[in-house]
Every structure is written in structure tokens, then in C-alpha cells.
Amino acid sequence: MQTFAPGTIIKMETIPAYNEHGLINGMTIFHRLFWAYVPCISAFKFCKPIVQVDGTWLYGKYKGTLLVAVAQDENDNIIPIAYALVEGETKEAWSFFLRNLRSHVTPQANICLISDRHGSIKSAYNNLNNGWQHPPSKHVFCVRHIAQNFAREFKDNALKNKVISMGYSINESTYRYYRREIGIVNPEALKWLDNIPRQDWIQAFDGGSRWGQMTTNLVESMNAVLKEPHNLPITALVQSTYYKTGTLFPTMAKQHASILASGQIYTEKCMTFMKSEIRKSNSHRVDSFDRSNHTFMIHETVVPKEG
């Protein structure tokens, strides 16, 4: 590991160089690159314990794949935390990325890694040498990607929508409702879904580990931000991520400094949520509550709005 430029962690792999005569002794060529910025690593400690990862193709002269990992802060802002340039979405490439991501950026216990169902990601995550098993973490799947794979297999958009609703189920009864609906229409489709462990994609069974993050939309939106640099040479691409991150943190610093100076204790999103709940509580009264059976009766003290 080397540190280049202020606050940048770089990990690079090379491979032997060959020409038409064979191996060139003493010469190597670029193979893979991992990099992360120290401010992003520091920021992750204060983010939700979730990480979304995804890969996207490079379009220019230099082919390959850009792998990106993002997190989300307390106000739902997206924080890019790590990047890698690799040869493609292979098992070895994902191992290189996830191993360095775990080692240098996300070593904490109980991290939830969210990705699509790409076999190379699953293999890299399960590889003990990559460090995701100890301390313990969790790997879950993007519901949208599962629905897309389902649609390719069964060509039924109506059932696809039920699959998405099934994934978003917040309790077991809702999950069983959609499971029954799918099974009535297509038993083979239900069997296909049952082959995916429900804790890997059903919200009701994730133990709260994914913080309501059911898709990889966050990291895909970051890929959209980086779409223009995708056709740049390697060095220029890395520099582009540096400059984009460099404009992000001063802006966020000003916002947070203003919040602290105002004496605000909680985040803006938390404050909005509490105000909303206070408004609701002022218009309802609990008339009876049975602690043993978890039942209660609510009386509205104001005329409810239509609808």
C-alpha cells in the first residue's frame, strides 16, 4: 500500500509484460487499481452501516470496468467511499476490490453489503481471505435486479411487480400474501423465488441490517455522475474522482458548520420526522391498550381529511 497525493490510499497490482518473443524480464504492466480518499473513509464512520457496490464499463480507448462503493449519511446524502479499475467483473477482480474495501475503508463489524446477484460478487464476499466474515457482516441483494432476472425467466410483468412488492414486505404476513398470490398464478415462478434465501432479499427477514435500502440505486446514481470520465485515460479518470470529491466535502462542511452553530442537536431528516410524528400525536388519543396482546384503540380528535 502507498499513499499518493494528500489523503489518497492507493493499492495497485501489475502483471508480467510479454511481447512476440515471450516474457520481458524486469518489466510489468498495469492490471488493477484500488483507491479511496481519507476524508471519505473518515466520513463512513458516521454513516449508516451499509455499503452499496456496483460495476460499470469504461467506454474509451482503455477498456475495463470501474467498480464503485458508496455509503449514505444521516441526511441521506450519498458518500463515495472507494473505487477500483479492473479488467472486468470477474471473481478475481471483485476479490481485489472487496478485500481492499474491507481492509482500508469498512473494517467495522455488522456492515451490510448490498449488490446485485452477480456470482463473482458472492464468491468474493464468501472468500475468507477477503475479510468479510470476521468481524461479521451481511451480504444482501438488490430487489430490482432480482425482479429483472425474474422477468427474463418468466416474461410476466404483472408477476414481476408482485415480486418487487414481496421484496419490500415489512412483515411476514405481507410476505406470505404475495408469496401465495405468485404461487397461484405460477408455481414454477414461486419455486424459482424460493431458491433465493428470503433473508437475502425480503425486507421482513433482514433484521433491519439494510436500513430500508432495497436496491443499489445509490451506487448506480454515482455511476451516472461518473459517466463522463468513463472514456478518459486511467490517470485522468482517477483525477476526475479526486476533483469531484474535493468539491463535495467543502460544501458539506459549510452545511454542517451552519447546523452546529445554530445549536441544532439532531439531523435535518430526524428533525423533520419528529415534527411530523408530533403533529400526528396531537390529533390522536389512545383510548385503550392491551400490552399482552399488543392491541390498541385510537380515537382521532380532529376530523380526518378526506382520503
# chains A, B, ... in the order shown; residues from 1 in each chain; ligands from 1
call {"tool": "residues_around", "arguments": {"residues": "Pro80 of chain A", "least_positions_apart": "4", "cutoff": "9 Å", "atoms": "only C-alpha atoms", "output": "MDAnalysis selection string"}}
result
chainID A and resid 36 40 68:72 219 222 245
call {"tool": "write_last_selection", "arguments": {"atoms": "C-alpha atoms", "output": "CSV table (one decimal), in the first residue's frame"}}
result
chain,number,residue,atom,x,y,z
A,36,ALA,CA,-10.0,5.7,-1.6
A,40,CYS,CA,-14.4,9.6,2.7
A,68,VAL,CA,-17.6,1.8,-7.0
A,69,ALA,CA,-18.7,1.6,-3.4
A,70,VAL,CA,-21.0,4.2,-1.8
A,71,ALA,CA,-22.5,4.8,1.6
A,72,GLN,CA,-25.2,7.2,2.9
A,219,VAL,CA,-24.3,3.5,-6.4
A,222,MET,CA,-23.0,7.7,-8.6
A,245,THR,CA,-14.9,14.5,-4.2
call {"tool": "select_by_dssp", "arguments": {"residues": "segment 50-240 of chain A", "states": "helix (DSSP H, G or I)", "output": "mmCIF file with C-alpha atoms, in the first residue's frame"}}
result
data_model
loop_
_atom_site.group_PDB
_atom_site.id
_atom_site.type_symbol
_atom_site.label_atom_id
_atom_site.label_comp_id
_atom_site.auth_asym_id
_atom_site.auth_seq_id
_atom_site.Cartn_x
_atom_site.Cartn_y
_atom_site.Cartn_z
ATOM 1 C CA LYS A 91 -14.214 -13.298 -9.343
ATOM 2 C CA GLU A 92 -10.576 -12.189 -9.024
ATOM 3 C CA ALA A 93 -11.408 -8.534 -9.755
ATOM 4 C CA TRP A 94 -14.209 -8.413 -7.202
ATOM 5 C CA SER A 95 -11.942 -10.137 -4.670
ATOM 6 C CA PHE A 96 -9.318 -7.446 -5.231
ATOM 7 C CA PHE A 97 -11.908 -4.707 -4.697
ATOM 8 C CA LEU A 98 -13.783 -6.200 -1.726
ATOM 9 C CA ARG A 99 -10.568 -7.214 0.039
ATOM 10 C CA ASN A 100 -9.161 -3.681 -0.129
ATOM 11 C CA LEU A 101 -12.536 -2.114 0.640
ATOM 12 C CA ARG A 102 -12.801 -4.221 3.791
ATOM 13 C CA SER A 103 -9.197 -3.718 4.829
ATOM 14 C CA HIS A 104 -8.865 0.042 4.289
ATOM 15 C CA GLY A 119 -21.886 -14.742 -8.928
ATOM 16 C CA SER A 120 -18.441 -13.137 -8.815
ATOM 17 C CA ILE A 121 -19.515 -10.746 -6.041
ATOM 18 C CA LYS A 122 -20.991 -13.566 -3.985
ATOM 19 C CA SER A 123 -17.860 -15.668 -4.439
ATOM 20 C CA ALA A 124 -15.575 -12.768 -3.476
ATOM 21 C CA TYR A 125 -17.679 -11.954 -0.410
ATOM 22 C CA ASN A 126 -17.637 -15.570 0.777
ATOM 23 C CA LEU A 128 -12.477 -15.939 3.879
ATOM 24 C CA ASN A 129 -9.280 -14.240 2.729
ATOM 25 C CA ASN A 130 -11.228 -11.092 1.850
ATOM 26 C CA VAL A 143 -34.647 -6.321 -5.177
ATOM 27 C CA ARG A 144 -34.799 -4.575 -8.543
ATOM 28 C CA HIS A 145 -32.135 -6.856 -10.001
ATOM 29 C CA ILE A 146 -33.955 -9.929 -8.675
ATOM 30 C CA ALA A 147 -37.144 -8.673 -10.337
ATOM 31 C CA GLN A 148 -35.292 -8.100 -13.619
ATOM 32 C CA ASN A 149 -33.845 -11.619 -13.549
ATOM 33 C CA PHE A 150 -37.321 -12.949 -12.735
ATOM 34 C CA ALA A 151 -38.842 -11.097 -15.701
ATOM 35 C CA ARG A 152 -36.215 -12.522 -18.071
ATOM 36 C CA GLU A 153 -37.012 -16.010 -16.814
ATOM 37 C CA PHE A 154 -40.837 -15.854 -16.805
ATOM 38 C CA ASN A 157 -44.633 -8.050 -15.808
ATOM 39 C CA ALA A 158 -47.636 -8.414 -13.512
ATOM 40 C CA LEU A 159 -45.842 -11.109 -11.524
ATOM 41 C CA LYS A 160 -42.666 -9.031 -11.623
ATOM 42 C CA ASN A 161 -44.482 -6.237 -9.772
ATOM 43 C CA LYS A 162 -45.655 -8.735 -7.153
ATOM 44 C CA VAL A 163 -42.051 -9.905 -6.735
ATOM 45 C CA ILE A 164 -40.994 -6.311 -6.016
ATOM 46 C CA SER A 165 -43.840 -5.912 -3.509
ATOM 47 C CA MET A 166 -42.832 -9.212 -1.939
ATOM 48 C CA GLY A 167 -39.267 -7.961 -1.512
ATOM 49 C CA GLU A 172 -44.232 -11.861 7.469
ATOM 50 C CA SER A 173 -47.985 -11.700 6.815
ATOM 51 C CA THR A 174 -47.473 -9.334 3.858
ATOM 52 C CA TYR A 175 -44.685 -11.557 2.553
ATOM 53 C CA ARG A 176 -46.935 -14.630 2.745
ATOM 54 C CA TYR A 177 -49.739 -12.779 0.957
ATOM 55 C CA TYR A 178 -47.563 -12.010 -2.091
ATOM 56 C CA ARG A 179 -45.969 -15.450 -1.963
ATOM 57 C CA ARG A 180 -49.426 -17.015 -2.154
ATOM 58 C CA GLU A 181 -50.506 -14.698 -4.988
ATOM 59 C CA ILE A 182 -47.424 -15.632 -7.069
ATOM 60 C CA GLY A 183 -47.821 -19.353 -6.309
ATOM 61 C CA ILE A 184 -51.442 -19.377 -7.504
ATOM 62 C CA VAL A 185 -50.505 -17.855 -10.864
ATOM 63 C CA PRO A 187 -45.934 -22.431 -9.113
ATOM 64 C CA GLU A 188 -42.665 -22.647 -11.074
ATOM 65 C CA ALA A 189 -42.060 -18.947 -10.531
ATOM 66 C CA LEU A 190 -42.590 -19.396 -6.808
ATOM 67 C CA LYS A 191 -40.133 -22.286 -6.773
ATOM 68 C CA TRP A 192 -37.580 -20.043 -8.525
ATOM 69 C CA LEU A 193 -38.024 -17.364 -5.851
ATOM 70 C CA ASP A 194 -37.860 -19.872 -3.000
ATOM 71 C CA ARG A 198 -35.530 -14.893 1.927
ATOM 72 C CA GLN A 199 -33.212 -13.086 4.375
ATOM 73 C CA ASP A 200 -31.117 -12.047 1.363
ATOM 74 C CA GLN A 203 -37.157 -6.739 3.994
ATOM 75 C CA ALA A 204 -39.213 -8.524 6.662
ATOM 76 C CA PHE A 205 -36.374 -11.001 7.293
ATOM 77 C CA ASN A 217 -29.853 2.865 -6.758
ATOM 78 C CA LEU A 218 -27.381 4.918 -4.714
ATOM 79 C CA VAL A 219 -24.292 3.466 -6.353
ATOM 80 C CA GLU A 220 -25.937 3.499 -9.785
ATOM 81 C CA SER A 221 -26.649 7.214 -9.402
ATOM 82 C CA MET A 222 -22.953 7.687 -8.582
ATOM 83 C CA ASN A 223 -22.063 5.798 -11.766
ATOM 84 C CA ALA A 224 -24.254 8.288 -13.650
ATOM 85 C CA VAL A 225 -22.294 11.162 -12.093
ATOM 86 C CA GLU A 228 -18.340 11.472 -18.464
ATOM 87 C CA PRO A 229 -14.973 10.290 -17.012
ATOM 88 C CA HIS A 230 -15.658 6.724 -18.254
ATOM 89 C CA ASN A 231 -13.945 7.461 -21.547
ATOM 90 C CA ILE A 234 -6.632 5.904 -16.364
ATOM 91 C CA THR A 235 -4.803 8.793 -14.710
ATOM 92 C CA ALA A 236 -7.383 11.357 -15.820
ATOM 93 C CA LEU A 237 -10.229 9.173 -14.571
ATOM 94 C CA VAL A 238 -8.672 8.906 -11.111
ATOM 95 C CA GLN A 239 -8.030 12.655 -11.053
ATOM 96 C CA SER A 240 -11.653 13.273 -12.013
#
call {"tool": "select_by_dssp", "arguments": {"residues": "segment 125-223 of chain A", "states": "strand (DSSP E)", "output": "list in words"}}
result
Ser137, Lys138, His139, Val140 and Phe141 of chain A
call {"tool": "write_last_selection", "arguments": {"atoms": "N, CA and C atoms", "output": "compact mmCIF listing (two decimals), in the first residue's frame"}}
result
# COMPACT_ATOMS: atom_id res chain seq x y z
N SER A 137 -20.36 -9.62 8.95
CA SER A 137 -21.08 -8.66 8.13
C SER A 137 -22.21 -9.41 7.44
N LYS A 138 -22.93 -8.73 6.57
CA LYS A 138 -24.06 -9.35 5.89
C LYS A 138 -24.06 -8.94 4.43
N HIS A 139 -24.41 -9.88 3.56
CA HIS A 139 -24.50 -9.60 2.13
C HIS A 139 -25.93 -9.84 1.67
N VAL A 140 -26.57 -8.80 1.12
CA VAL A 140 -27.94 -8.90 0.65
C VAL A 140 -28.01 -8.42 -0.79
N PHE A 141 -29.17 -8.71 -1.43
CA PHE A 141 -29.30 -8.46 -2.86
C PHE A 141 -30.27 -7.32 -3.15
call {"tool": "residues_around", "arguments": {"residues": "Phe34 of chain A", "least_positions_apart": "2", "cutoff": "7 Å", "atoms": "only C-alpha atoms", "output": "mmCIF file with C-alpha atoms, in the first residue's frame"}}
result
data_model
loop_
_atom_site.group_PDB
_atom_site.id
_atom_site.type_symbol
_atom_site.label_atom_id
_atom_site.label_comp_id
_atom_site.auth_asym_id
_atom_site.auth_seq_id
_atom_site.Cartn_x
_atom_site.Cartn_y
_atom_site.Cartn_z
ATOM 1 C CA ILE A 10 -3.778 3.512 -3.469
ATOM 2 C CA LYS A 11 -3.373 -0.216 -3.999
ATOM 3 C CA MET A 12 -2.113 -1.335 -7.408
ATOM 4 C CA ARG A 32 -5.731 -3.359 -11.324
ATOM 5 C CA TYR A 83 -13.143 2.929 -6.403
ATOM 6 C CA ALA A 84 -11.293 0.317 -8.435
ATOM 7 C CA LEU A 85 -10.248 -0.119 -12.049
ATOM 8 C CA PHE A 97 -11.908 -4.707 -4.697
#
call {"tool": "closest_residue", "arguments": {"among": "A:Ile298, A:Cys142, A:Gly207, A:Leu226", "to": "Tyr243 of chain A", "atoms": "only C-alpha atoms"}}
result
A:Leu226
call {"tool": "residues_around", "arguments": {"residues": "segment 13-18 of chain A", "least_positions_apart": "2", "cutoff": "9 Å", "atoms": "only C-alpha atoms", "output": "list in words"}}
result
Lys11, Glu20, His21, Gly22, Leu23, Ile24, Asn25, Gly26, Met27, Thr28, Ile29, Phe30, His31, Arg32, Leu33 and Phe34 of chain A
call {"tool": "write_last_selection", "arguments": {"atoms": "N, CA, C and O atoms", "output": "PDB file, in the first residue's frame"}}
result
ATOM      1  N   LYS A  11      -3.869   1.162  -3.954  1.00  0.00           N
ATOM      2  CA  LYS A  11      -3.373  -0.216  -3.999  1.00  0.00           C
ATOM      3  C   LYS A  11      -3.378  -0.652  -5.460  1.00  0.00           C
ATOM      4  O   LYS A  11      -4.431  -0.652  -6.105  1.00  0.00           O
ATOM      5  N   GLU A  20       6.121 -10.380 -28.674  1.00  0.00           N
ATOM      6  CA  GLU A  20       6.013 -11.525 -29.592  1.00  0.00           C
ATOM      7  C   GLU A  20       7.053 -12.613 -29.319  1.00  0.00           C
ATOM      8  O   GLU A  20       6.901 -13.761 -29.756  1.00  0.00           O
ATOM      9  N   HIS A  21       8.096 -12.270 -28.565  1.00  0.00           N
ATOM     10  CA  HIS A  21       9.141 -13.243 -28.248  1.00  0.00           C
ATOM     11  C   HIS A  21       8.939 -13.916 -26.894  1.00  0.00           C
ATOM     12  O   HIS A  21       9.693 -14.807 -26.515  1.00  0.00           O
ATOM     13  N   GLY A  22       7.944 -13.451 -26.140  1.00  0.00           N
ATOM     14  CA  GLY A  22       7.684 -14.049 -24.830  1.00  0.00           C
ATOM     15  C   GLY A  22       7.807 -13.037 -23.698  1.00  0.00           C
ATOM     16  O   GLY A  22       7.638 -11.826 -23.898  1.00  0.00           O
ATOM     17  N   LEU A  23       8.138 -13.515 -22.514  1.00  0.00           N
ATOM     18  CA  LEU A  23       8.213 -12.693 -21.321  1.00  0.00           C
ATOM     19  C   LEU A  23       9.349 -11.669 -21.417  1.00  0.00           C
ATOM     20  O   LEU A  23      10.459 -11.998 -21.844  1.00  0.00           O
ATOM     21  N   ILE A  24       9.042 -10.428 -21.000  1.00  0.00           N
ATOM     22  CA  ILE A  24      10.060  -9.381 -20.949  1.00  0.00           C
ATOM     23  C   ILE A  24      10.550  -9.284 -19.507  1.00  0.00           C
ATOM     24  O   ILE A  24       9.812  -8.859 -18.611  1.00  0.00           O
ATOM     25  N   ASN A  25      11.754  -9.696 -19.272  1.00  0.00           N
ATOM     26  CA  ASN A  25      12.290  -9.712 -17.913  1.00  0.00           C
ATOM     27  C   ASN A  25      12.395  -8.304 -17.339  1.00  0.00           C
ATOM     28  O   ASN A  25      12.812  -7.357 -18.011  1.00  0.00           O
ATOM     29  N   GLY A  26      11.998  -8.187 -16.071  1.00  0.00           N
ATOM     30  CA  GLY A  26      12.124  -6.926 -15.361  1.00  0.00           C
ATOM     31  C   GLY A  26      11.095  -5.869 -15.725  1.00  0.00           C
ATOM     32  O   GLY A  26      11.224  -4.719 -15.308  1.00  0.00           O
ATOM     33  N   MET A  27      10.047  -6.245 -16.491  1.00  0.00           N
ATOM     34  CA  MET A  27       9.031  -5.271 -16.879  1.00  0.00           C
ATOM     35  C   MET A  27       7.647  -5.787 -16.517  1.00  0.00           C
ATOM     36  O   MET A  27       7.338  -6.972 -16.712  1.00  0.00           O
ATOM     37  N   THR A  28       6.820  -4.915 -15.976  1.00  0.00           N
ATOM     38  CA  THR A  28       5.434  -5.262 -15.667  1.00  0.00           C
ATOM     39  C   THR A  28       4.511  -4.196 -16.246  1.00  0.00           C
ATOM     40  O   THR A  28       4.942  -3.095 -16.573  1.00  0.00           O
ATOM     41  N   ILE A  29       3.229  -4.531 -16.376  1.00  0.00           N
ATOM     42  CA  ILE A  29       2.247  -3.584 -16.891  1.00  0.00           C
ATOM     43  C   ILE A  29       1.079  -3.474 -15.915  1.00  0.00           C
ATOM     44  O   ILE A  29       0.859  -4.360 -15.083  1.00  0.00           O
ATOM     45  N   PHE A  30       0.342  -2.396 -16.028  1.00  0.00           N
ATOM     46  CA  PHE A  30      -0.791  -2.127 -15.143  1.00  0.00           C
ATOM     47  C   PHE A  30      -1.857  -3.217 -15.285  1.00  0.00           C
ATOM     48  O   PHE A  30      -2.176  -3.668 -16.383  1.00  0.00           O
ATOM     49  N   HIS A  31      -2.449  -3.612 -14.128  1.00  0.00           N
ATOM     50  CA  HIS A  31      -3.501  -4.628 -14.140  1.00  0.00           C
ATOM     51  C   HIS A  31      -4.752  -4.154 -13.394  1.00  0.00           C
ATOM     52  O   HIS A  31      -5.833  -4.103 -13.967  1.00  0.00           O
ATOM     53  N   ARG A  32      -4.584  -3.798 -12.124  1.00  0.00           N
ATOM     54  CA  ARG A  32      -5.731  -3.359 -11.324  1.00  0.00           C
ATOM     55  C   ARG A  32      -5.311  -2.205 -10.411  1.00  0.00           C
ATOM     56  O   ARG A  32      -4.158  -2.129  -9.987  1.00  0.00           O
ATOM     57  N   LEU A  33      -6.287  -1.350 -10.082  1.00  0.00           N
ATOM     58  CA  LEU A  33      -6.016  -0.216  -9.193  1.00  0.00           C
ATOM     59  C   LEU A  33      -7.202  -0.016  -8.258  1.00  0.00           C
ATOM     60  O   LEU A  33      -8.354   0.022  -8.690  1.00  0.00           O
ATOM     61  N   PHE A  34      -6.901   0.114  -6.968  1.00  0.00           N
ATOM     62  CA  PHE A  34      -7.902   0.462  -5.953  1.00  0.00           C
ATOM     63  C   PHE A  34      -7.499   1.792  -5.344  1.00  0.00           C
ATOM     64  O   PHE A  34      -6.325   2.023  -5.069  1.00  0.00           O
TER      65      PHE A  34
END
call {"tool": "atom_distance", "arguments": {"atom1": "atom CA of Thr301 of chain A", "atom2": "atom CA of His284 of chain A"}}
result
5.5 Å
call {"tool": "closest_residue", "arguments": {"among": "A:Gly131, A:Ala261, A:Ile9, A:Thr247", "to": "Tyr37 of chain A", "atoms": "only C-alpha atoms"}}
result
A:Ile9
